[in-house]
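Participant: Contents are PDB, C-alpha atoms; file name upload-v9.pdb:
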MODEL        1
ATOM      1  CA  ASP A   1      34.388   3.754 -26.361  1.00  0.00           C
ATOM      2  CA  ASP A   2      37.014   5.143 -23.974  1.00  0.00           C
ATOM      3  CA  GLU A   3      36.047   8.773 -24.698  1.00  0.00           C
ATOM      4  CA  PRO A   4      34.143  10.013 -21.594  1.00  0.00           C
ATOM      5  CA  TYR A   5      32.239  12.806 -23.417  1.00  0.00           C
ATOM      6  CA  VAL A   6      30.553  11.989 -26.711  1.00  0.00           C
ATOM      7  CA  ASP A   7      27.552  13.091 -28.772  1.00  0.00           C
ATOM      8  CA  VAL A   8      24.875  10.693 -29.932  1.00  0.00           C
ATOM      9  CA  PRO A   9      25.620  10.157 -33.662  1.00  0.00           C
ATOM     10  CA  ASP A  10      23.132  11.625 -36.143  1.00  0.00           C
ATOM     11  CA  GLY A  11      20.346   9.155 -36.799  1.00  0.00           C
ATOM     12  CA  GLY A  12      21.292   6.672 -34.105  1.00  0.00           C
ATOM     13  CA  PRO A  13      21.144   4.644 -32.113  1.00  0.00           C
ATOM     14  CA  ARG A  14      17.409   4.515 -32.743  1.00  0.00           C
ATOM     15  CA  GLY A  15      15.078   2.019 -31.112  1.00  0.00           C
ATOM     16  CA  ASN A  16      17.929   0.134 -29.434  1.00  0.00           C
ATOM     17  CA  ILE A  17      18.838  -0.539 -25.822  1.00  0.00           C
ATOM     18  CA  ILE A  18      21.261   2.140 -24.694  1.00  0.00           C
ATOM     19  CA  GLU A  19      23.692   1.964 -21.786  1.00  0.00           C
ATOM     20  CA  ILE A  20      25.735   4.866 -20.416  1.00  0.00           C
ATOM     21  CA  GLN A  21      28.444   3.554 -18.143  1.00  0.00           C
ATOM     22  CA  ASN A  22      29.622   5.205 -14.951  1.00  0.00           C
ATOM     23  CA  GLY A  23      32.130   7.973 -15.663  1.00  0.00           C
ATOM     24  CA  HIS A  24      30.820   8.630 -19.183  1.00  0.00           C
ATOM     25  CA  THR A  25      28.677  11.520 -20.436  1.00  0.00           C
ATOM     26  CA  ILE A  26      26.474  11.347 -23.514  1.00  0.00           C
ATOM     27  CA  PHE A  27      25.120  14.532 -25.141  1.00  0.00           C
ATOM     28  CA  ILE A  28      21.997  14.474 -27.292  1.00  0.00           C
ATOM     29  CA  PRO A  29      22.635  17.155 -29.952  1.00  0.00           C
ATOM     30  CA  SER A  30      19.275  17.096 -31.775  1.00  0.00           C
ATOM     31  CA  ASP A  31      15.599  16.259 -31.329  1.00  0.00           C
ATOM     32  CA  GLY A  32      13.936  12.876 -31.646  1.00  0.00           C
ATOM     33  CA  ALA A  33      16.216  10.294 -30.001  1.00  0.00           C
ATOM     34  CA  VAL A  34      14.456   6.938 -29.503  1.00  0.00           C
ATOM     35  CA  ALA A  35      15.526   4.071 -27.237  1.00  0.00           C
ATOM     36  CA  TYR A  36      13.881   0.724 -26.538  1.00  0.00           C
ATOM     37  CA  ARG A  37      15.300   0.747 -22.994  1.00  0.00           C
ATOM     38  CA  SER A  38      17.757   3.076 -21.248  1.00  0.00           C
ATOM     39  CA  PHE A  39      20.353   2.165 -18.610  1.00  0.00           C
ATOM     40  CA  ILE A  40      21.980   5.343 -17.272  1.00  0.00           C
ATOM     41  CA  ASP A  41      24.839   4.888 -14.816  1.00  0.00           C
ATOM     42  CA  GLY A  42      26.802   7.839 -16.221  1.00  0.00           C
ATOM     43  CA  THR A  43      25.349  11.187 -17.301  1.00  0.00           C
ATOM     44  CA  LEU A  44      22.837  11.889 -20.040  1.00  0.00           C
ATOM     45  CA  GLU A  45      22.916  15.564 -21.135  1.00  0.00           C
ATOM     46  CA  ILE A  46      19.685  16.378 -22.953  1.00  0.00           C
ATOM     47  CA  GLY A  47      20.189  20.143 -23.107  1.00  0.00           C
ATOM     48  CA  THR A  48      17.296  21.987 -24.765  1.00  0.00           C
ATOM     49  CA  THR A  49      16.540  19.236 -27.286  1.00  0.00           C
ATOM     50  CA  GLY A  50      13.180  17.471 -27.206  1.00  0.00           C
ATOM     51  CA  ASN A  51      10.759  14.893 -28.591  1.00  0.00           C
ATOM     52  CA  HIS A  52      12.814  12.024 -27.187  1.00  0.00           C
ATOM     53  CA  PHE A  53      11.536   8.584 -26.174  1.00  0.00           C
ATOM     54  CA  LEU A  54      13.628   6.728 -23.595  1.00  0.00           C
ATOM     55  CA  CYS A  55      11.057   4.028 -22.754  1.00  0.00           C
ATOM     56  CA  VAL A  56      11.901   2.276 -19.448  1.00  0.00           C
ATOM     57  CA  VAL A  57      14.760   4.091 -17.698  1.00  0.00           C
ATOM     58  CA  ASP A  58      16.973   2.526 -15.030  1.00  0.00           C
ATOM     59  CA  GLY A  59      20.382   3.107 -13.473  1.00  0.00           C
ATOM     60  CA  SER A  60      22.048   5.224 -10.813  1.00  0.00           C
ATOM     61  CA  GLY A  61      23.493   8.025 -12.955  1.00  0.00           C
ATOM     62  CA  LYS A  62      22.231  11.497 -13.824  1.00  0.00           C
ATOM     63  CA  ILE A  63      19.877  13.058 -16.361  1.00  0.00           C
ATOM     64  CA  VAL A  64      20.516  16.768 -16.994  1.00  0.00           C
ATOM     65  CA  LEU A  65      17.912  18.951 -18.736  1.00  0.00           C
ATOM     66  CA  LYS A  66      17.971  22.590 -19.805  1.00  0.00           C
ATOM     67  CA  SER A  67      14.239  22.768 -20.376  1.00  0.00           C
ATOM     68  CA  ALA A  68      11.016  21.900 -18.581  1.00  0.00           C
ATOM     69  CA  TYR A  69      10.405  18.632 -20.420  1.00  0.00           C
ATOM     70  CA  LEU A  70      11.570  15.211 -19.316  1.00  0.00           C
ATOM     71  CA  PRO A  71      11.684  12.820 -22.303  1.00  0.00           C
ATOM     72  CA  ILE A  72       8.818  10.365 -22.700  1.00  0.00           C
ATOM     73  CA  GLY A  73       9.528   7.330 -20.564  1.00  0.00           C
ATOM     74  CA  ARG A  74       9.012   5.461 -17.318  1.00  0.00           C
ATOM     75  CA  TYR A  75      11.344   6.670 -14.586  1.00  0.00           C
ATOM     76  CA  ASP A  76      10.098   4.764 -11.525  1.00  0.00           C
ATOM     77  CA  SER A  77      13.232   2.584 -11.330  1.00  0.00           C
ATOM     78  CA  PHE A  78      15.699   5.361 -12.174  1.00  0.00           C
ATOM     79  CA  LEU A  79      14.285   7.798  -9.601  1.00  0.00           C
ATOM     80  CA  ALA A  80      13.746   5.193  -6.853  1.00  0.00           C
ATOM     81  CA  GLU A  81      15.478   5.444  -3.487  1.00  0.00           C
ATOM     82  CA  GLY A  82      19.244   4.978  -3.779  1.00  0.00           C
ATOM     83  CA  LYS A  83      19.238   5.245  -7.571  1.00  0.00           C
ATOM     84  CA  GLY A  84      19.546   8.182 -10.007  1.00  0.00           C
ATOM     85  CA  THR A  85      19.731  11.984 -10.014  1.00  0.00           C
ATOM     86  CA  LEU A  86      17.542  14.419 -11.924  1.00  0.00           C
ATOM     87  CA  GLU A  87      19.025  17.858 -12.659  1.00  0.00           C
ATOM     88  CA  TYR A  88      17.071  20.789 -14.099  1.00  0.00           C
ATOM     89  CA  SER A  89      19.429  23.447 -15.441  1.00  0.00           C
ATOM     90  CA  GLY A  90      19.594  26.193 -18.060  1.00  0.00           C
ATOM     91  CA  GLU A  91      19.762  29.957 -18.451  1.00  0.00           C
ATOM     92  CA  VAL A  92      16.049  30.748 -18.879  1.00  0.00           C
ATOM     93  CA  ASP A  93      13.040  30.756 -16.550  1.00  0.00           C
ATOM     94  CA  TYR A  94      10.598  27.857 -16.803  1.00  0.00           C
ATOM     95  CA  THR A  95       8.117  25.709 -14.889  1.00  0.00           C
ATOM     96  CA  VAL A  96       8.911  22.004 -14.770  1.00  0.00           C
ATOM     97  CA  ASP A  97       6.455  19.875 -16.752  1.00  0.00           C
ATOM     98  CA  PRO A  98       5.245  17.038 -14.464  1.00  0.00           C
ATOM     99  CA  ALA A  99       4.090  14.742 -17.290  1.00  0.00           C
ATOM    100  CA  TYR A 100       6.584  11.905 -16.720  1.00  0.00           C
ATOM    101  CA  LEU A 101       7.548  12.554 -13.116  1.00  0.00           C
ATOM    102  CA  PRO A 102       6.323  10.009 -10.526  1.00  0.00           C
ATOM    103  CA  GLN A 103       2.768  10.709  -9.407  1.00  0.00           C
ATOM    104  CA  ASP A 104       3.807  10.540  -5.746  1.00  0.00           C
ATOM    105  CA  GLY A 105       6.615  13.079  -6.320  1.00  0.00           C
ATOM    106  CA  ALA A 106       9.281  10.593  -5.186  1.00  0.00           C
ATOM    107  CA  ILE A 107      12.760  11.354  -6.574  1.00  0.00           C
ATOM    108  CA  ASN A 108      16.051  10.009  -5.264  1.00  0.00           C
ATOM    109  CA  ARG A 109      18.116  13.192  -5.693  1.00  0.00           C
ATOM    110  CA  LEU A 110      17.044  16.490  -7.248  1.00  0.00           C
ATOM    111  CA  ILE A 111      19.310  19.343  -8.393  1.00  0.00           C
ATOM    112  CA  PHE A 112      18.502  22.786  -9.791  1.00  0.00           C
ATOM    113  CA  SER A 113      21.388  24.587 -11.499  1.00  0.00           C
ATOM    114  CA  GLY A 114      22.216  27.211 -14.096  1.00  0.00           C
ATOM    115  CA  SER A 115      21.113  30.834 -13.988  1.00  0.00           C
ATOM    116  CA  GLY A 116      17.338  30.875 -14.545  1.00  0.00           C
ATOM    117  CA  GLU A 117      14.374  30.695 -12.172  1.00  0.00           C
ATOM    118  CA  ILE A 118      12.937  27.185 -12.104  1.00  0.00           C
ATOM    119  CA  SER A 119       9.418  26.757 -10.733  1.00  0.00           C
ATOM    120  CA  TRP A 120       8.035  23.459  -9.505  1.00  0.00           C
ATOM    121  CA  PRO A 121       4.560  22.267 -10.591  1.00  0.00           C
ATOM    122  CA  ALA A 122       1.621  21.529  -8.283  1.00  0.00           C
ATOM    123  CA  ARG A 123       2.987  18.164  -7.131  1.00  0.00           C
ATOM    124  CA  ASP A 124       4.404  17.482  -3.670  1.00  0.00           C
ATOM    125  CA  MET A 125       7.994  16.271  -3.410  1.00  0.00           C
ATOM    126  CA  LEU A 126       9.480  13.298  -1.584  1.00  0.00           C
ATOM    127  CA  ILE A 127      13.273  13.450  -1.940  1.00  0.00           C
ATOM    128  CA  TYR A 128      15.155  10.388  -0.674  1.00  0.00           C
ATOM    129  CA  ASN A 129      18.586  11.989  -0.917  1.00  0.00           C
ATOM    130  CA  ASN A 130      19.472  15.689  -1.260  1.00  0.00           C
ATOM    131  CA  LEU A 131      17.609  18.671  -2.666  1.00  0.00           C
ATOM    132  CA  GLU A 132      20.290  21.018  -4.060  1.00  0.00           C
ATOM    133  CA  VAL A 133      20.104  24.492  -5.618  1.00  0.00           C
ATOM    134  CA  ARG A 134      23.376  25.415  -7.349  1.00  0.00           C
ATOM    135  CA  GLY A 135      24.989  28.119  -9.442  1.00  0.00           C
ATOM    136  CA  ASN A 136      22.972  31.298  -9.996  1.00  0.00           C
ATOM    137  CA  THR A 137      19.625  29.587 -10.323  1.00  0.00           C
ATOM    138  CA  THR A 138      16.562  30.180  -8.155  1.00  0.00           C
ATOM    139  CA  PHE A 139      14.188  27.429  -7.093  1.00  0.00           C
ATOM    140  CA  ASN A 140      10.620  28.734  -6.858  1.00  0.00           C
ATOM    141  CA  ASN A 141       7.965  26.806  -4.937  1.00  0.00           C
ATOM    142  CA  ALA A 142       5.378  28.701  -6.964  1.00  0.00           C
ATOM    143  CA  ASN A 143       2.552  26.284  -6.180  1.00  0.00           C
ATOM    144  CA  ASP A 144       3.174  26.113  -2.418  1.00  0.00           C
ATOM    145  CA  ILE A 145       3.807  22.380  -2.408  1.00  0.00           C
ATOM    146  CA  SER A 146       4.905  20.273   0.541  1.00  0.00           C
ATOM    147  CA  ILE A 147       8.481  18.948   0.432  1.00  0.00           C
ATOM    148  CA  THR A 148       9.580  15.888   2.414  1.00  0.00           C
ATOM    149  CA  LEU A 149      13.348  15.400   2.617  1.00  0.00           C
ATOM    150  CA  ARG A 150      15.223  12.335   3.805  1.00  0.00           C
ATOM    151  CA  GLY A 151      18.600  13.855   2.937  1.00  0.00           C
ATOM    152  CA  ASP A 152      20.033  17.382   3.130  1.00  0.00           C
ATOM    153  CA  LEU A 153      18.893  20.767   1.844  1.00  0.00           C
ATOM    154  CA  VAL A 154      21.702  22.572   0.004  1.00  0.00           C
ATOM    155  CA  LEU A 155      21.780  26.169  -1.262  1.00  0.00           C
ATOM    156  CA  GLU A 156      24.967  27.419  -2.925  1.00  0.00           C
ATOM    157  CA  GLU A 157      26.164  30.975  -2.284  1.00  0.00           C
ATOM    158  CA  ASP A 158      24.768  32.646  -5.423  1.00  0.00           C
ATOM    159  CA  ALA A 159      21.618  30.550  -5.719  1.00  0.00           C
ATOM    160  CA  GLY A 160      18.122  31.491  -4.574  1.00  0.00           C
ATOM    161  CA  PHE A 161      15.275  29.693  -2.829  1.00  0.00           C
ATOM    162  CA  ILE A 162      11.646  30.853  -2.830  1.00  0.00           C
ATOM    163  CA  ALA A 163      10.021  28.625  -0.234  1.00  0.00           C
ATOM    164  CA  GLY A 164       6.395  29.536  -0.891  1.00  0.00           C
ATOM    165  CA  TYR A 165       3.950  31.371   1.331  1.00  0.00           C
ATOM    166  CA  ALA A 166       0.856  29.243   2.072  1.00  0.00           C
ATOM    167  CA  ASP A 167       0.432  26.907   5.059  1.00  0.00           C
ATOM    168  CA  ASN A 168       1.062  23.900   2.818  1.00  0.00           C
ATOM    169  CA  ALA A 169       4.438  25.272   1.689  1.00  0.00           C
ATOM    170  CA  ASN A 170       6.433  23.367   4.271  1.00  0.00           C
ATOM    171  CA  ILE A 171       9.614  21.319   4.370  1.00  0.00           C
ATOM    172  CA  THR A 172       9.598  18.174   6.498  1.00  0.00           C
ATOM    173  CA  PHE A 173      12.962  16.678   7.457  1.00  0.00           C
ATOM    174  CA  HIS A 174      12.217  12.969   7.818  1.00  0.00           C
ATOM    175  CA  GLY A 175      15.520  11.141   7.553  1.00  0.00           C
ATOM    176  CA  SER A 176      16.919   8.140   9.408  1.00  0.00           C
ATOM    177  CA  GLY A 177      20.222   9.862  10.213  1.00  0.00           C
ATOM    178  CA  GLN A 178      21.143  13.424  11.125  1.00  0.00           C
ATOM    179  CA  GLN A 179      20.149  15.858   8.384  1.00  0.00           C
ATOM    180  CA  HIS A 180      21.607  19.229   7.424  1.00  0.00           C
ATOM    181  CA  ILE A 181      20.654  22.591   6.021  1.00  0.00           C
ATOM    182  CA  PHE A 182      23.633  23.995   4.110  1.00  0.00           C
ATOM    183  CA  GLY A 183      23.551  27.614   2.927  1.00  0.00           C
ATOM    184  CA  GLN A 184      22.177  31.052   3.724  1.00  0.00           C
ATOM    185  CA  PHE A 185      18.394  30.766   3.942  1.00  0.00           C
ATOM    186  CA  THR A 186      17.830  34.385   4.912  1.00  0.00           C
ATOM    187  CA  GLY A 187      15.955  37.381   3.519  1.00  0.00           C
ATOM    188  CA  GLN A 188      14.312  36.427   0.233  1.00  0.00           C
ATOM    189  CA  ASN A 189      15.683  32.908   0.683  1.00  0.00           C
ATOM    190  CA  ALA A 190      14.024  32.396   4.081  1.00  0.00           C
ATOM    191  CA  LEU A 191      12.089  29.195   4.667  1.00  0.00           C
ATOM    192  CA  ASN A 192       8.335  29.299   5.252  1.00  0.00           C
ATOM    193  CA  ARG A 193       7.377  26.334   7.459  1.00  0.00           C
ATOM    194  CA  VAL A 194       9.784  23.663   8.735  1.00  0.00           C
ATOM    195  CA  HIS A 195       8.865  20.386  10.416  1.00  0.00           C
ATOM    196  CA  VAL A 196      11.645  18.260  11.951  1.00  0.00           C
ATOM    197  CA  ASP A 197      10.504  14.630  12.195  1.00  0.00           C
ATOM    198  CA  ASN A 198      13.874  13.025  12.848  1.00  0.00           C
ATOM    199  CA  ASP A 199      15.095  11.548  16.118  1.00  0.00           C
ATOM    200  CA  GLN A 200      18.704  12.118  14.999  1.00  0.00           C
ATOM    201  CA  GLY A 201      18.155  15.865  14.639  1.00  0.00           C
ATOM    202  CA  LEU A 202      18.734  18.607  12.103  1.00  0.00           C
ATOM    203  CA  ARG A 203      22.023  20.508  11.919  1.00  0.00           C
ATOM    204  CA  ILE A 204      22.016  24.003  10.431  1.00  0.00           C
ATOM    205  CA  VAL A 205      25.264  24.999   8.684  1.00  0.00           C
ATOM    206  CA  GLY A 206      24.911  28.702   7.881  1.00  0.00           C
ATOM    207  CA  GLU A 207      22.126  31.115   8.742  1.00  0.00           C
ATOM    208  CA  THR A 208      18.489  30.113   8.407  1.00  0.00           C
ATOM    209  CA  GLU A 209      15.386  32.235   8.889  1.00  0.00           C
ATOM    210  CA  ILE A 210      11.925  30.693   9.186  1.00  0.00           C
ATOM    211  CA  GLU A 211       9.145  33.108   8.313  1.00  0.00           C
ATOM    212  CA  ASN A 212       6.243  31.083   9.632  1.00  0.00           C
ATOM    213  CA  VAL A 213       6.458  27.958  11.818  1.00  0.00           C
ATOM    214  CA  LEU A 214       9.153  25.600  13.144  1.00  0.00           C
ATOM    215  CA  VAL A 215       7.760  22.339  14.518  1.00  0.00           C
TER     216      VAL A 215
ENDMDL
END
Turn this file's structure into structure tokens for me.
Facilitator:
Amino acid sequence: DDEPYVDVPDGGPRGNIIEIQNGHTIFIPSDGAVAYRSFIDGTLEIGTTGNHFLCVVDGSGKIVLKSAYLPIGRYDSFLAEGKGTLEYSGEVDYTVDPAYLPQDGAINRLIFSGSGEISWPARDMLIYNNLEVRGNTTFNNANDISITLRGDLVLEEDAGFIAGYADNANITFHGSGQQHIFGQFTGQNALNRVHVDNDQGLRIVGETEIENVLV
């Protein structure tokens, strides 16, 4: 199909192998989609629908959700280093459900967008690429987790970042090349604890306040 934006047809495909090619976006318009295996090199828009089963998920595309719940499936390959992107979006506040996220918190690239406040569960993060907060949304480290970044930290102009307050609420920059902080991390968006473990250094683009410790 040459159409880059299409809805999954009512009642199907169900129990088949699905493939979303690069440059294409598939929207799931209703609950209960079932796939035997999922290859996502384009974008899968799940919206607020639920009760989906994607089985084993692979590819280097993007999954976009507007709710806390990742569909049932195994995401180890899709979220591995150099692979896919997970985006939590929407217009309401919610706490991400960790049920099908990797136990070690490893995600290639993670985006928060929309206009709600999105809280992260009590599971540390290891982000191989970028951690990005976009639009009018606020990322809330409500459980004071530790975040390890091998890419950049990005905060768009109207977005918010609640870094957490406990000693464990730290961000470690541990990349192999120079890393960056993009955005205004000041006032309510100030960072709590920052650890730079990168011989190539950390470049700050914008203003950044650190409330607690810089190591």
Participant: What lies within 8 Å of region 157-163 of chain A using only C-alpha atoms, ignoring chain neighbours under 4 positions off, as a list of chain:residue names?
Facilitator: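 Counting only C-alpha atoms, the residues come to A:Val133, A:Arg134, A:Gly135, A:Asn136, A:Thr137, A:Thr138, A:Phe139, A:Asn140, A:Asn141, A:Ala142, A:Asp144, A:Ala169, A:Asn170, A:Gly183, A:Gln184, A:Phe185, A:Gln188, A:Asn189, A:Ala190, A:Leu191, A:Asn192.
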Participant: Which one of A:Ile111, A:Ala166, A:Ile118, A:Ile17 sits closest to Asp152 (chain A) if you count all atoms listed in the file?
Facilitator: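 Answer, going by the shortest atom-to-atom distance: A:Ile111.
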Participant: Which distance in Å separates CA of Asn198 (chain A) and CA of Phe112 (chain A), to one decimal?
Facilitator: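 Computing it gives 25.1 Å between the two atoms.
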Participant: Please write as a PyMOL selection string the full residue list that the PyMOL selection byres ((chain A and resi 23) around 8) yields on this file.
Facilitator: chain A and resi 4+21-22+24-25+41-43
Participant: Please identify all polymer residues within 9 Å of Glu81 (chain A), counting only C-alpha atoms, omitting same-chain residues fewer than 6 positions from it, and present them as a PyMOL selection string.
Facilitator: chain A and resi 106-109+127-129
Participant: Using all atoms listed in the file, find the one residue out of A:Gln103, A:Ser38, A:Ser113, A:Asn51 that sits nearest to Phe78 (chain A).
Facilitator: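 When distances to Phe78 (chain A) are compared using all atoms listed in the file, the smallest one comes from A:Ser38.
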Participant: What is the distance between CA of Thr148 (chain A) and CA of Leu44 (chain A), in Å to one decimal?
Facilitator: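 One can read the CA of Thr148 (chain A) to CA of Leu44 (chain A) distance as 26.4 Å.
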Participant: Rank A:Val57, A:Ala80, A:Ile46, A:Leu126 by their smallest atom-to-atom distance to Ile147 (chain A), using only C-alpha atoms, and report the top residue only.
Facilitator: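 Under the stated criterion, the closest residue is A:Leu126.
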Participant: So which one's closest to Tyr165 (chain A), A:Arg193, A:Asp93, A:Ile18, A:Ser77? Using all atoms listed in the file, please.
Facilitator: A:Arg193
Participant: Go ahead and compute the interatomic distance for CA of Gly90 (chain A) and CA of Gly114 (chain A), in Å to one decimal.
Facilitator: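 The value is 4.9 Å.
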Participant: Which polymer residues have any atom within 9 Å of an atom of Glu45 (chain A), counting all atoms listed in the file, with same-chain residues fewer than 3 positions away left out, as a ChimeraX atom specification?
Facilitator: /A:25-29,62-66
Participant: I'd like to see the residues matched by the PyMOL selection byres ((chain A and resi 37) around 9) on this file, and ideally I'd get them as an NGL selection string.
Facilitator: :A and (15-19 or 35-36 or 38-39 or 54-58)
